[in-house]
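Data from entry_1.cif: mmCIF, C-alpha atoms
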```
data_entry
#
loop_
_atom_site.label_atom_id
_atom_site.label_comp_id
_atom_site.auth_asym_id
_atom_site.auth_seq_id
_atom_site.Cartn_x
_atom_site.Cartn_y
_atom_site.Cartn_z
CA MET A 636 -43.12 -164.49 -163.70
CA PRO A 637 -46.79 -163.43 -163.20
CA PHE A 638 -47.57 -159.83 -162.28
CA GLU A 639 -50.10 -160.81 -159.61
CA PRO A 640 -50.03 -163.64 -157.06
CA SER A 641 -52.59 -166.41 -157.38
CA LYS A 642 -55.65 -165.72 -155.22
CA LYS A 643 -56.32 -169.43 -154.73
CA PHE A 644 -53.73 -170.00 -152.00
CA TRP A 645 -53.82 -166.69 -150.16
CA GLN A 646 -55.92 -165.42 -147.31
CA SER A 647 -54.91 -161.82 -146.87
CA ASP A 648 -51.12 -162.05 -146.41
CA SER A 649 -51.04 -165.73 -145.34
CA CYS A 650 -50.15 -168.57 -147.70
CA LEU A 651 -52.75 -171.27 -147.01
CA VAL A 652 -50.49 -174.19 -147.95
CA CYS A 653 -47.24 -173.00 -146.35
CA GLN A 654 -48.68 -171.09 -143.36
CA SER A 655 -46.21 -168.28 -144.00
CA VAL A 656 -46.82 -164.53 -144.14
CA HIS A 657 -45.85 -162.30 -147.08
CA SER A 658 -47.04 -158.71 -147.24
CA SER A 659 -46.41 -157.29 -150.70
CA SER A 660 -47.44 -158.70 -154.07
CA PHE A 661 -43.77 -158.99 -155.00
CA GLU A 662 -43.05 -161.12 -151.91
CA LYS A 663 -46.05 -163.32 -152.67
CA ILE A 664 -44.97 -163.87 -156.27
CA GLN A 665 -41.46 -164.71 -155.10
CA HIS A 666 -42.89 -167.15 -152.56
CA GLU A 667 -45.00 -168.88 -155.20
CA GLY A 668 -41.83 -169.49 -157.18
CA GLU A 669 -40.14 -171.34 -154.31
CA VAL A 670 -39.74 -175.10 -154.69
CA LEU A 671 -41.25 -175.94 -151.29
CA HIS A 672 -44.41 -173.94 -152.04
CA GLN A 673 -44.78 -175.58 -155.44
CA LYS A 674 -44.44 -179.04 -153.89
CA LYS A 675 -47.12 -178.25 -151.34
CA VAL A 676 -49.42 -177.05 -154.11
CA ILE A 677 -48.94 -180.40 -155.90
CA VAL A 678 -49.86 -182.29 -152.71
CA TYR A 679 -52.85 -179.97 -152.21
CA GLU A 680 -54.12 -180.76 -155.71
CA PHE A 681 -53.68 -184.50 -155.10
CA LEU A 682 -55.69 -184.30 -151.88
CA LYS A 683 -58.49 -182.35 -153.53
CA LYS A 684 -58.73 -184.11 -156.88
CA GLN A 685 -57.28 -187.63 -156.71
CA LEU A 686 -57.47 -188.87 -153.14
CA PRO A 687 -61.30 -189.09 -153.10
CA SER A 688 -61.14 -191.59 -155.98
CA LEU A 689 -58.74 -193.96 -154.21
CA GLY A 690 -59.77 -197.21 -152.59
CA LYS A 691 -60.34 -196.38 -148.92
CA VAL A 692 -59.74 -199.32 -146.58
CA ASN A 693 -62.71 -200.25 -144.42
CA PRO A 694 -61.28 -200.66 -140.88
CA GLU A 695 -64.04 -203.15 -140.03
CA SER A 696 -63.16 -205.44 -142.91
CA GLN A 697 -61.66 -208.78 -141.97
CA ASP A 698 -58.84 -208.25 -144.47
CA ALA A 699 -58.27 -204.63 -143.52
CA LEU A 700 -54.71 -203.37 -143.43
CA SER A 701 -53.41 -201.96 -140.18
CA SER A 702 -51.68 -198.61 -139.92
CA LYS A 703 -47.93 -199.11 -139.65
CA LEU A 704 -47.48 -195.64 -138.17
CA TYR A 705 -50.17 -196.20 -135.54
CA GLU A 706 -48.57 -199.49 -134.51
CA ARG A 707 -45.16 -197.80 -134.32
CA TYR A 708 -46.29 -194.99 -132.02
CA ILE A 709 -48.50 -197.15 -129.82
CA ARG A 710 -45.59 -199.52 -129.20
CA SER A 711 -43.06 -196.77 -128.53
CA GLY A 712 -45.35 -194.41 -126.61
CA ALA A 713 -44.08 -191.54 -128.77
CA PRO A 714 -45.71 -188.14 -128.02
CA ILE A 715 -47.29 -187.78 -131.46
CA ILE A 716 -50.21 -185.45 -132.18
CA GLY A 717 -52.12 -185.08 -135.43
CA LEU A 718 -51.79 -188.69 -136.53
CA ASP A 719 -55.42 -188.55 -137.64
CA CYS A 720 -54.35 -185.95 -140.23
CA ILE A 721 -52.13 -188.49 -141.98
CA PHE A 722 -53.13 -190.69 -144.91
CA GLU A 723 -51.20 -193.91 -145.51
CA LEU A 724 -51.11 -195.05 -149.13
CA SER A 725 -50.38 -198.73 -149.64
CA VAL A 726 -48.57 -199.34 -152.94
CA HIS A 727 -47.73 -202.57 -154.73
CA TRP A 728 -44.06 -201.73 -155.38
CA ALA A 729 -42.96 -201.07 -151.77
CA SER A 730 -43.26 -202.84 -148.43
CA THR A 731 -43.85 -199.57 -146.57
CA PRO A 732 -46.63 -197.09 -147.37
CA LEU A 733 -46.37 -193.60 -148.75
CA TRP A 734 -47.93 -190.90 -146.59
CA ILE A 735 -49.59 -187.49 -146.87
CA CYS A 736 -50.36 -184.91 -144.20
CA LYS A 737 -53.61 -183.13 -145.03
CA ILE A 738 -52.97 -180.07 -142.84
CA CYS A 739 -49.32 -179.48 -143.79
CA TYR A 740 -49.55 -180.58 -147.44
CA ALA A 741 -46.45 -182.69 -146.90
CA SER A 742 -45.71 -186.17 -148.24
CA GLY A 743 -43.10 -188.88 -147.94
CA LYS A 744 -42.12 -192.30 -149.18
CA ASP A 745 -41.02 -193.98 -145.96
CA LEU A 746 -41.99 -194.10 -142.31
CA GLU A 747 -38.79 -192.42 -141.15
CA SER A 748 -39.72 -189.22 -143.00
CA ALA A 749 -43.17 -189.46 -141.37
CA ASP A 750 -41.47 -189.64 -137.96
CA ALA A 751 -39.51 -186.47 -138.69
CA HIS A 752 -42.60 -184.65 -139.97
CA LEU A 753 -44.87 -185.58 -137.06
CA PHE A 754 -42.24 -184.41 -134.56
CA SER A 755 -41.67 -181.15 -136.44
CA SER A 756 -42.67 -177.76 -135.10
CA PHE A 757 -44.49 -177.04 -138.37
CA HIS A 758 -46.83 -180.02 -137.95
CA LYS A 759 -47.45 -179.45 -134.25
CA ARG A 760 -48.34 -175.80 -134.77
CA ASN A 761 -50.58 -176.54 -137.74
CA TYR A 762 -52.41 -179.23 -135.79
CA LEU A 763 -52.94 -177.00 -132.76
CA ARG A 764 -54.07 -174.14 -135.01
CA GLU A 765 -56.53 -176.44 -136.80
CA LYS A 766 -57.92 -178.52 -133.92
CA TYR A 767 -57.22 -176.49 -130.78
CA PRO A 768 -57.29 -172.80 -131.78
CA GLU A 769 -57.53 -171.52 -128.20
CA ARG A 770 -54.59 -173.68 -127.16
CA PHE A 771 -52.65 -172.39 -130.17
CA VAL A 772 -53.31 -168.75 -129.25
CA SER A 773 -52.08 -169.49 -125.74
CA LEU A 774 -48.98 -171.20 -127.15
CA VAL A 775 -48.10 -168.20 -129.31
CA ARG A 776 -48.64 -165.84 -126.38
CA VAL A 777 -46.28 -167.84 -124.17
CA GLN A 778 -43.65 -168.11 -126.91
CA ASP A 779 -43.76 -164.37 -127.56
CA LYS A 780 -42.78 -163.80 -123.94
CA SER A 781 -40.09 -166.49 -123.93
CA GLU A 782 -36.56 -166.80 -125.26
CA VAL A 783 -36.31 -168.39 -128.70
CA HIS A 784 -34.38 -171.43 -127.50
CA LYS A 785 -37.33 -172.35 -125.25
CA HIS A 786 -39.92 -172.40 -128.05
CA THR A 787 -39.42 -176.07 -128.92
CA ALA A 788 -39.90 -177.13 -125.30
CA ILE A 789 -43.06 -175.03 -125.07
CA GLU A 790 -44.49 -176.72 -128.17
CA HIS A 791 -43.58 -180.13 -126.76
CA GLU A 792 -45.44 -179.32 -123.53
CA ALA A 793 -48.46 -178.25 -125.58
CA ALA A 794 -48.37 -181.58 -127.44
CA LEU A 795 -48.21 -183.47 -124.15
CA ASP A 796 -51.21 -181.49 -122.86
CA VAL A 797 -53.20 -182.50 -125.95
CA LEU A 798 -52.23 -186.16 -125.51
CA HIS A 799 -53.18 -186.03 -121.84
CA GLY A 800 -56.54 -184.47 -122.65
CA SER A 801 -57.32 -187.01 -125.37
CA LYS A 802 -56.01 -189.89 -123.23
CA GLY A 803 -53.38 -190.91 -125.73
CA ILE A 804 -52.75 -190.87 -129.46
CA SER A 805 -55.72 -189.90 -131.61
CA ASN A 806 -57.37 -192.10 -134.21
CA PRO A 807 -55.05 -193.95 -136.61
CA PRO A 808 -54.41 -192.65 -140.13
CA GLN A 809 -56.91 -193.36 -142.87
CA LEU A 810 -55.57 -196.09 -145.15
CA TYR A 811 -55.81 -196.16 -148.93
CA VAL A 812 -54.75 -198.74 -151.50
CA LEU A 813 -53.35 -197.72 -154.88
CA GLY A 814 -54.36 -200.36 -157.40
CA ILE A 815 -51.75 -202.17 -159.48
CA ASN A 816 -53.21 -201.37 -162.88
CA LYS A 817 -54.11 -197.71 -162.46
CA TRP A 818 -51.20 -196.29 -160.50
CA ASP A 819 -47.76 -196.18 -162.07
CA GLN A 820 -44.88 -195.66 -159.64
CA GLU A 821 -43.31 -192.76 -161.51
CA GLN A 822 -46.66 -191.00 -161.89
CA VAL A 823 -47.51 -191.39 -158.20
CA MET A 824 -44.14 -189.93 -157.22
CA GLN A 825 -44.86 -186.91 -159.39
CA ASP A 826 -48.40 -186.55 -158.04
CA LEU A 827 -47.07 -186.51 -154.47
CA ALA A 828 -44.12 -184.20 -155.25
CA LEU A 829 -41.62 -186.90 -154.31
CA ASP A 830 -38.34 -186.32 -156.10
CA LYS A 831 -36.73 -189.68 -156.70
CA ASP A 832 -37.30 -193.39 -156.37
CA ILE A 833 -34.05 -194.10 -154.50
CA TYR A 834 -34.57 -194.43 -150.76
CA GLU A 835 -31.92 -193.09 -148.41
CA LEU A 836 -31.62 -195.61 -145.61
CA SER A 837 -31.44 -194.42 -142.01
CA TYR A 838 -28.85 -197.06 -141.19
CA VAL A 839 -25.61 -198.61 -142.41
CA ILE A 840 -25.41 -202.34 -143.07
CA GLU A 841 -22.35 -204.28 -141.93
CA PRO A 842 -22.17 -208.01 -142.88
CA VAL A 843 -21.29 -210.33 -139.99
CA THR A 844 -21.76 -213.85 -141.34
CA SER A 845 -23.16 -215.33 -144.53
CA LYS A 846 -26.64 -215.12 -142.98
CA HIS A 847 -26.42 -212.20 -140.57
CA GLN A 848 -25.68 -208.50 -140.67
CA ILE A 849 -25.73 -205.50 -138.33
CA MET A 850 -27.78 -202.38 -138.98
CA SER A 851 -26.21 -199.30 -137.39
CA CYS A 852 -28.98 -196.74 -136.86
CA HIS A 853 -28.18 -193.13 -137.80
CA ILE A 854 -30.99 -191.86 -135.57
CA CYS A 855 -30.29 -193.41 -132.17
CA GLY A 856 -26.89 -195.05 -132.66
CA GLU A 857 -28.13 -198.56 -131.81
CA ASN A 858 -26.75 -201.63 -133.56
CA VAL A 859 -29.45 -204.09 -134.60
CA MET A 860 -28.67 -207.68 -135.56
CA SER A 861 -30.54 -208.76 -138.67
CA PHE A 862 -30.73 -211.45 -141.31
CA MET A 863 -29.50 -211.02 -144.86
CA ASP A 864 -33.01 -211.63 -146.16
CA GLU A 865 -34.49 -208.30 -147.32
CA GLU A 866 -37.97 -208.95 -145.95
CA GLU A 867 -36.65 -209.97 -142.53
CA ARG A 868 -34.32 -206.97 -142.43
CA ILE A 869 -37.16 -204.51 -143.07
CA LYS A 870 -39.31 -206.25 -140.47
CA LEU A 871 -36.59 -206.00 -137.80
CA TRP A 872 -35.88 -202.39 -138.74
CA ASN A 873 -39.54 -201.46 -138.24
CA ILE A 874 -39.50 -203.19 -134.86
CA HIS A 875 -36.42 -201.18 -133.91
CA CYS A 876 -38.10 -197.93 -134.99
CA SER A 877 -40.98 -198.77 -132.65
CA THR A 878 -38.74 -198.67 -129.57
CA PRO A 879 -39.00 -195.76 -127.10
CA LYS A 880 -35.27 -194.99 -127.41
CA HIS A 881 -35.36 -194.64 -131.20
CA GLN A 882 -38.41 -192.38 -131.13
CA ARG A 883 -36.93 -190.29 -128.32
CA TYR A 884 -33.81 -189.64 -130.39
CA GLN A 885 -35.92 -188.94 -133.46
CA LEU A 886 -37.61 -186.22 -131.41
CA ILE A 887 -34.19 -184.80 -130.48
CA HIS A 888 -32.98 -184.84 -134.09
CA SER A 889 -36.16 -183.13 -135.26
CA ALA A 890 -35.80 -180.43 -132.61
CA ILE A 891 -32.14 -179.77 -133.44
CA ALA A 892 -32.90 -179.66 -137.18
CA GLU A 893 -35.23 -176.72 -136.54
CA VAL A 894 -32.84 -174.76 -134.33
CA ARG A 895 -31.27 -171.76 -136.00
CA THR A 896 -27.62 -172.66 -135.92
CA ILE A 897 -24.58 -170.63 -136.93
CA GLU A 898 -21.73 -172.36 -138.71
CA ARG A 899 -18.45 -171.37 -137.12
CA ASN A 900 -14.88 -172.21 -137.98
CA GLU A 901 -13.56 -171.90 -134.45
CA GLN A 902 -13.82 -174.71 -131.91
CA PRO A 903 -15.88 -174.55 -128.70
CA ARG A 904 -14.14 -173.14 -125.67
CA ASN A 905 -11.51 -175.40 -124.13
CA PHE A 906 -11.81 -177.75 -127.13
CA SER A 907 -8.54 -179.27 -128.32
CA VAL A 908 -8.01 -181.12 -131.60
CA SER A 909 -5.64 -184.08 -131.71
CA HIS A 910 -3.96 -185.28 -134.90
CA GLU A 911 -2.25 -188.17 -133.12
CA ILE A 912 -2.76 -191.33 -135.19
CA ASN A 913 -1.83 -193.76 -132.42
CA PHE A 914 -4.42 -194.67 -129.80
CA ASN A 915 -3.69 -193.97 -126.15
CA GLU A 916 -5.46 -195.58 -123.21
CA GLU A 917 -6.87 -193.53 -120.33
CA ASN A 918 -8.84 -195.23 -117.56
CA GLY A 919 -9.77 -198.14 -119.80
CA ILE A 920 -10.85 -195.96 -122.74
CA PHE A 921 -8.80 -195.59 -125.91
CA TYR A 922 -8.46 -192.20 -127.61
CA GLY A 923 -7.18 -191.45 -131.10
CA PRO A 924 -7.33 -188.59 -133.61
CA THR A 925 -10.18 -186.08 -133.51
CA CYS A 926 -12.77 -186.75 -136.21
CA GLY A 927 -16.38 -186.08 -137.16
CA LEU A 928 -16.57 -182.46 -136.04
CA GLU A 929 -19.18 -181.85 -138.74
CA PHE A 930 -21.57 -183.76 -136.46
CA LEU A 931 -20.96 -181.40 -133.53
CA THR A 932 -23.67 -178.99 -132.41
CA THR A 933 -22.66 -176.69 -129.56
CA PHE A 934 -25.03 -175.14 -127.07
CA GLU A 935 -24.14 -172.89 -124.15
CA ASN A 936 -22.83 -175.53 -121.75
CA GLU A 937 -23.33 -178.75 -123.67
CA CYS A 938 -22.58 -180.34 -127.02
CA PHE A 939 -24.63 -182.78 -129.04
CA CYS A 940 -22.98 -185.37 -131.26
CA LYS A 941 -25.44 -186.15 -134.06
CA LEU A 942 -23.34 -189.15 -135.02
CA CYS A 943 -23.39 -190.89 -131.64
CA CYS A 944 -26.75 -189.38 -130.63
CA CYS A 945 -25.54 -188.21 -127.25
CA ILE A 946 -25.29 -185.05 -125.18
CA VAL A 947 -21.78 -184.28 -123.93
CA PRO A 948 -20.74 -181.66 -121.34
CA ILE A 949 -18.70 -179.05 -123.17
CA GLU A 950 -15.61 -179.74 -121.06
CA GLU A 951 -15.69 -183.41 -122.18
CA ALA A 952 -16.34 -182.74 -125.87
CA SER A 953 -12.66 -182.97 -126.89
CA LYS A 954 -12.37 -186.48 -125.50
CA HIS A 955 -15.66 -187.64 -126.97
CA PHE A 956 -14.62 -186.75 -130.53
CA ARG A 957 -11.37 -188.69 -129.98
CA SER A 958 -12.91 -191.72 -128.29
CA GLU A 959 -12.66 -195.18 -129.82
CA SER A 960 -16.44 -195.65 -129.87
CA HIS A 961 -17.00 -192.33 -131.68
CA ILE A 962 -14.25 -193.07 -134.21
CA GLY A 963 -15.74 -196.50 -134.89
CA ILE A 964 -19.18 -195.04 -135.60
CA PHE A 965 -17.61 -192.31 -137.74
CA LEU A 966 -15.77 -194.85 -139.91
CA LEU A 967 -18.90 -196.97 -140.27
CA ASN A 968 -20.85 -193.88 -141.29
CA GLN A 969 -18.23 -193.00 -143.91
CA LYS A 970 -18.49 -196.51 -145.29
CA GLY A 971 -22.26 -196.14 -145.56
CA GLU A 972 -21.97 -192.83 -147.42
CA ASN A 973 -19.77 -194.48 -150.02
CA MET A 974 -22.32 -197.24 -150.63
CA PRO A 975 -24.77 -196.79 -153.53
CA GLY A 976 -28.37 -195.88 -152.73
CA GLN A 977 -30.64 -198.82 -152.02
CA GLU A 978 -34.21 -199.14 -153.08
CA LYS A 979 -36.77 -200.67 -150.77
CA VAL A 980 -38.69 -203.62 -152.12
#
```

Step by step, read the file and then write its structure as structure tokens.
Amino acid sequence: MPFEPSKKFWQSDSCLVCQSVHSSSFEKIQHEGEVLHQKKVIVYEFLKKQLPSLGKVNPESQDALSSKLYERYIRSGAPIIGLDCIFELSVHWASTPLWICKICYASGKDLESADAHLFSSFHKRNYLREKYPERFVSLVRVQDKSEVHKHTAIEHEAALDVLHGSKGISNPPQLYVLGINKWDQEQVMQDLALDKDIYELSYVIEPVTSKHQIMSCHICGENVMSFMDEEERIKLWNIHCSTPKHQRYQLIHSAIAEVRTIERNEQPRNFSVSHEINFNEENGIFYGPTCGLEFLTTFENECFCKLCCCIVPIEEASKHFRSESHIGIFLLNQKGENMPGQEKV
């Protein structure tokens, strides 16, 4: 371990790539040893040294590629800010582009990870700090006077203000093409600090007929009918991800992922667990054994089921986690977890 922190990525006590504060030299050295910091440094080096040499797509060219992210957010009306800070990298081995965020030094290998990043508090704050410094100072001032659980809503309002002022989403991402001969897949993954070449799908596939299948979305809980053909399936999945409902639930998932939660062994108040195997009918709804409590997030008066993507009043939570629809989604999810990873073509 070095005795002094690197001066390259520090401005006083602030890490320039992670936007975090560390006072002492010991804390800075420890921070530089963290995996997340090291990944951001790799992305930083790629942006500075290799990106300028890539083939930039001329948007006025007749054969120009269109931004898949821009199309997605225009169709869905998602409240995205900082899209102009994203680079899309078209590669010959995948049907969806890789992406890099130049202000967060983040990268990803599918559009779903880009969704999560663009909705994140980290990206929103970095964008406001970079492009709207006065608005960012105001945001911090309001958050300092507010309860912690209101911070996400305050950032969301700030993003909406920016969108209103700019009359919609900013310019689309800059597109680049990685040539077939020069760019090896494994090398690109290393250069962008992407860990593995297996893609974790955001849905579970359930065959229906010899030609059709259902994609059950982990983000919004929707079931999407698709064809067995890989190309058609990816096309329909991208259309689904461009719907307002899917993007709205992606926003919810991103917000919950950033909430400081406490793992507790006890159940929420008035919550009862049933081990009854048989299903019983109540008012046209069948209820069975309680399952999937690992997907339960409890707030003061409400619960959120990350599996079914729904908010449930706390007094109805017991029934929800016993309901036939919840159990069905839980079993389908378990089936998906037991399937081997699938690589996008």

Which residues match the PyMOL selection byres ((chain A and resi 841-845) around 12) in the file above, as a short mmCIF file (atom, residue, chain, number, x, y, z; two decimals) with C-alpha atoms, in the coordinates of the input?
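Final file, out33.cif:
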```cif
data_model
loop_
_atom_site.label_atom_id
_atom_site.label_comp_id
_atom_site.auth_asym_id
_atom_site.auth_seq_id
_atom_site.Cartn_x
_atom_site.Cartn_y
_atom_site.Cartn_z
CA TYR A 838 -28.85 -197.06 -141.19
CA VAL A 839 -25.61 -198.61 -142.41
CA ILE A 840 -25.41 -202.34 -143.07
CA LYS A 846 -26.64 -215.12 -142.98
CA HIS A 847 -26.42 -212.20 -140.57
CA GLN A 848 -25.68 -208.50 -140.67
CA ILE A 849 -25.73 -205.50 -138.33
CA MET A 850 -27.78 -202.38 -138.98
CA SER A 851 -26.21 -199.30 -137.39
CA CYS A 852 -28.98 -196.74 -136.86
CA ASN A 858 -26.75 -201.63 -133.56
CA VAL A 859 -29.45 -204.09 -134.60
CA MET A 860 -28.67 -207.68 -135.56
CA SER A 861 -30.54 -208.76 -138.67
CA PHE A 862 -30.73 -211.45 -141.31
CA MET A 863 -29.50 -211.02 -144.86
CA ASP A 864 -33.01 -211.63 -146.16
CA ILE A 964 -19.18 -195.04 -135.60
CA LEU A 966 -15.77 -194.85 -139.91
CA LEU A 967 -18.90 -196.97 -140.27
CA ASN A 968 -20.85 -193.88 -141.29
CA LYS A 970 -18.49 -196.51 -145.29
CA GLY A 971 -22.26 -196.14 -145.56
CA MET A 974 -22.32 -197.24 -150.63
#
```

One decimal place gives the atom CA of A:Thr925-atom CA of A:Lys954 separation as 8.3 Å

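Among the candidates A:Pro687, A:Gly743, A:Cys876, A:Asp826, the residue lying nearest to A:Gly712 is A:Cys876 (atoms considered: all atoms listed in the file).
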
Item to complete: Report the residues retrieved by the PyMOL selection byres ((chain A and resi 824) around 12) from the displayed file, expressed as a ChimeraX atom specification.
Response: /A:674,677-678,681,724,726,728,733-735,742-744,818-823,825-833

Restricted to C-alpha atoms, what would the selected residues look like written as a CSV table (one decimal), keeping the file's coordinate frame?
```csv
chain,number,residue,atom,x,y,z
A,674,LYS,CA,-44.4,-179.0,-153.9
A,677,ILE,CA,-48.9,-180.4,-155.9
A,678,VAL,CA,-49.9,-182.3,-152.7
A,681,PHE,CA,-53.7,-184.5,-155.1
A,724,LEU,CA,-51.1,-195.0,-149.1
A,726,VAL,CA,-48.6,-199.3,-152.9
A,728,TRP,CA,-44.1,-201.7,-155.4
A,733,LEU,CA,-46.4,-193.6,-148.8
A,734,TRP,CA,-47.9,-190.9,-146.6
A,735,ILE,CA,-49.6,-187.5,-146.9
A,742,SER,CA,-45.7,-186.2,-148.2
A,743,GLY,CA,-43.1,-188.9,-147.9
A,744,LYS,CA,-42.1,-192.3,-149.2
A,818,TRP,CA,-51.2,-196.3,-160.5
A,819,ASP,CA,-47.8,-196.2,-162.1
A,820,GLN,CA,-44.9,-195.7,-159.6
A,821,GLU,CA,-43.3,-192.8,-161.5
A,822,GLN,CA,-46.7,-191.0,-161.9
A,823,VAL,CA,-47.5,-191.4,-158.2
A,825,GLN,CA,-44.9,-186.9,-159.4
A,826,ASP,CA,-48.4,-186.6,-158.0
A,827,LEU,CA,-47.1,-186.5,-154.5
A,828,ALA,CA,-44.1,-184.2,-155.2
A,829,LEU,CA,-41.6,-186.9,-154.3
A,830,ASP,CA,-38.3,-186.3,-156.1
A,831,LYS,CA,-36.7,-189.7,-156.7
A,832,ASP,CA,-37.3,-193.4,-156.4
A,833,ILE,CA,-34.0,-194.1,-154.5
```

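Minimum distance to A:Glu951 across A:Gly919, A:Pro768, A:Gly856, A:Pro903 (counting all atoms listed in the file) occurs at A:Pro903.
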
I need the residue nearest A:Ala794 from this list: A:Leu753, A:Leu651, A:Ile716, A:Leu931. Use all atoms listed in the file for the distance.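 Closest to A:Ala794, using all atoms listed in the file: A:Ile716.
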
- [ ] For atom CA of A:Lys780 and atom CA of A:Glu765, determine how far apart the two atoms are, in Å to one decimal place.
- [x]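 If I compute the distance from atom CA of A:Lys780 to atom CA of A:Glu765, I get 22.7 Å.
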
For this session: Calculate how many Å separate atom CA of A:Lys642 from atom CA of A:Phe661, rounding to one decimal.
Result: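 So the two atoms, atom CA of A:Lys642 and atom CA of A:Phe661, lie 13.7 Å apart.
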
**Shell around stretch 783-790 of chain A at 10 Å using only C-alpha atoms, local window under 2 positions removed, as a list in words** =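 Listed by chain and then number, they are Ser755, Ser756, Lys759, Arg760, Leu763, Phe771, Leu774, Val775, Val777, Gln778, Asp779, Lys780, Ser781, Glu792, Ala793, Ala794, Leu795, Asp796, Ala890, Ile891, Glu893, Val894 and Arg895 of chain A.
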
Margin query: Taking only C-alpha atoms into account, name the residue in A:Ile854, A:Pro714, A:Ala741, A:Pro924 that is nearest to A:Gln673.
Written below: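 The answer is A:Ala741, which sits nearest to A:Gln673.
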
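Selection result for the displayed file, with the PyMOL selection byres ((chain A and resi 739) around 9) as criterion, is Val652, Cys653, Gln654, Lys675, Cys720, Ile735, Cys736, Lys737, Ile738, Tyr740, Ala741, Ser742, Phe757, His758, Asn761 and Tyr762 of chain A.
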
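If you measure from each of A:Leu810, A:Val797, A:Leu871, A:Ala751 to A:Arg770 using only C-alpha atoms, the closest one turns out to be A:Val797.
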
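Counting all atoms listed in the file, the residue from A:Ile664, A:Val692, A:Ala749, A:Val670 that sits nearest to A:Leu704 is A:Ala749.
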
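The neighbours of A:Thr878 here are the residues that come within 6 Å of it, using only C-alpha atoms and leaving out any residue fewer than 3 positions away in the same chain; they are Ser711, His875 and His881 of chain A.
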
TODO: Extract, using all atoms listed in the file, all DNA, RNA and protein residues at most 10 Å from A:Cys938, discarding same-chain residues fewer than 6 positions from it, and format them as an NGL selection string.
DONE: :A and (903 or 931-932 or 945-952)

Export C-alpha atoms of the chosen residues as a short mmCIF file (atom, residue, chain, number, x, y, z; two decimals), keeping the file's coordinate frame?
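Result file follows (out_15.cif):
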```
data_model
loop_
_atom_site.label_atom_id
_atom_site.label_comp_id
_atom_site.auth_asym_id
_atom_site.auth_seq_id
_atom_site.Cartn_x
_atom_site.Cartn_y
_atom_site.Cartn_z
CA PRO A 903 -15.88 -174.55 -128.70
CA LEU A 931 -20.96 -181.40 -133.53
CA THR A 932 -23.67 -178.99 -132.41
CA CYS A 945 -25.54 -188.21 -127.25
CA ILE A 946 -25.29 -185.05 -125.18
CA VAL A 947 -21.78 -184.28 -123.93
CA PRO A 948 -20.74 -181.66 -121.34
CA ILE A 949 -18.70 -179.05 -123.17
CA GLU A 950 -15.61 -179.74 -121.06
CA GLU A 951 -15.69 -183.41 -122.18
CA ALA A 952 -16.34 -182.74 -125.87
#
```
